[in-house]
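Chemist: Below you will find the structure I want to go over with you.
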Amino acid sequence: MNGRDAWFIFVRYIFLIILSIGNLSIFYFIFTPLTFYVSYFVLNIIYPQAVIFSPNLAVISIGEDFIQLVEACIAGAAYYFLLILNLSTPMGAKTRIKSILFLFASFFILNIIRIVVFAMLFVQGYTYFDLAHRAVWYFGSTLMLLVVWFVNVKVLNILSIPVYTDIKTIVDDIKSKRHGSGKARIKIPK
């Protein structure tokens, strides 16, 4: 592994640490208005009486029902988790950009669908709304993230494994230098 490859590994992980500072506020800053207004737009198609009750509190009113999109609905931590998977996986720059766009867009669309479906269940007075909402929050969200990641891997033909490939590359480089060859190189798929 040359110095440039080591530098890229270091920068990827430092970037992840920096993004986590501030309680993931960058993700909420970007995705709160996007999620709120797109959810409102879709709900307004289904329920023309839907109105924005409070954009600052992310509250939509549908008749007498009020739907508030809290941080858990926005799922900033999920976007950060997808970014962790992306940045902890060695890949070429073009593939990385395509991967981030694919991951964020896919999760965003699925999250909007989830919000709209649960808003509809709430407005219709679905008896098991709380149970369904909690089940999807605790189990469905994790499953959704894993599906998005593995579809991303398949679509973009990513052959590296998050974290493991970086560690293996570093260990192999150290071993080769100990044995005197010093020619271990990181192999980044295109």
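Letters A, B, ... mark the chains of the structure tokens in the order given; residue numbers begin at 1 per chain; ligand numbers begin at 1, in order shown.
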Can you tell me, as a list in words, what residues are no more than 8 Å from Phe36 in chain A when counting only C-alpha atoms, ignoring any on the same chain fewer than 3 positions away?

Modeler: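 Final neighbour list, sorted by chain and number: Thr32, Pro33, Ser39, Tyr40, Ala58 and Leu69 of chain A.
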
Chemist: Excluding Val117 in chain A and residues on its chain fewer than 2 positions from it, collect all residues at most 12 Å away from it, counting only C-alpha atoms, and give them as a ChimeraX atom specification.

Modeler: /A:39,42-43,46,110-115,119-124,126,129,132-133,136

Chemist: Which residue, A:Thr127, A:Thr35, A:Thr169, A:Ser160, has the smallest gap to Ile109 in chain A when you use only C-alpha atoms?

Modeler: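 Counting only C-alpha atoms, the residue closest to Ile109 in chain A is A:Thr35.
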
Chemist: Can you list every residue in range 25-181 of chain A that DSSP puts in strand (DSSP E or B), as JSON, numbers by chain?

Modeler: {"A": [51, 52, 53, 54, 59, 60, 61, 62, 65, 66, 67, 68]}

Chemist: Interatomic distance between CA of Val163 in chain A and CA of Cys73 in chain A?

Modeler: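 Separation between CA of Val163 in chain A and CA of Cys73 in chain A: 28.1 Å.
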
Chemist: To one decimal place in Å, what is the distance between CA of Asn44 in chain A and CA of Ile62 in chain A?

Modeler: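 Straight-line distance from CA of Asn44 in chain A to CA of Ile62 in chain A works out to 8.7 Å.
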
Chemist: Distance CA of Phe29 in chain A-CA of Gly76 in chain A, one decimal place?

Modeler: 9.1 Å

Chemist: Find the residue from A:Asp130, A:Glu71, A:Asp166, A:Asp65 that sits nearest to Arg12 in chain A; use only C-alpha atoms when measuring.

Modeler: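 Smallest separation from Arg12 in chain A among the options: A:Asp166.
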
Chemist: Compare A:Met91, A:Ile158, A:Leu145, A:Ala50 by their minimum atom-to-atom distance to Leu103 in chain A, counting only C-alpha atoms, and give me the closest one.

Modeler: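 Nearest candidate to Leu103 in chain A out of A:Met91, A:Ile158, A:Leu145, A:Ala50: A:Leu145.
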
Chemist: Leaving out Val151 in chain A and any residue of its chain fewer than 3 positions from it, which residues lie within 12 Å of it when counting only C-alpha atoms, given as a PyMOL selection string?

Modeler: chain A and resi 99+102-103+106-107+144-148+154-158

Chemist: So, with only C-alpha atoms as the atoms that count, which of A:Ile17, A:Phe139, A:Ile30, A:Gly92 lies closest to Leu159 in chain A?

Modeler: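 Counting only C-alpha atoms, the residue closest to Leu159 in chain A is A:Gly92.
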
Chemist: From the set A:Phe118, A:Glu64, A:Phe41, A:Ala6, which residue has the shortest atom-to-atom contact distance to Trp137 in chain A, counting only C-alpha atoms?

Modeler: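 Comparing A:Phe118, A:Glu64, A:Phe41, A:Ala6 against Trp137 in chain A, the winner is A:Phe118.
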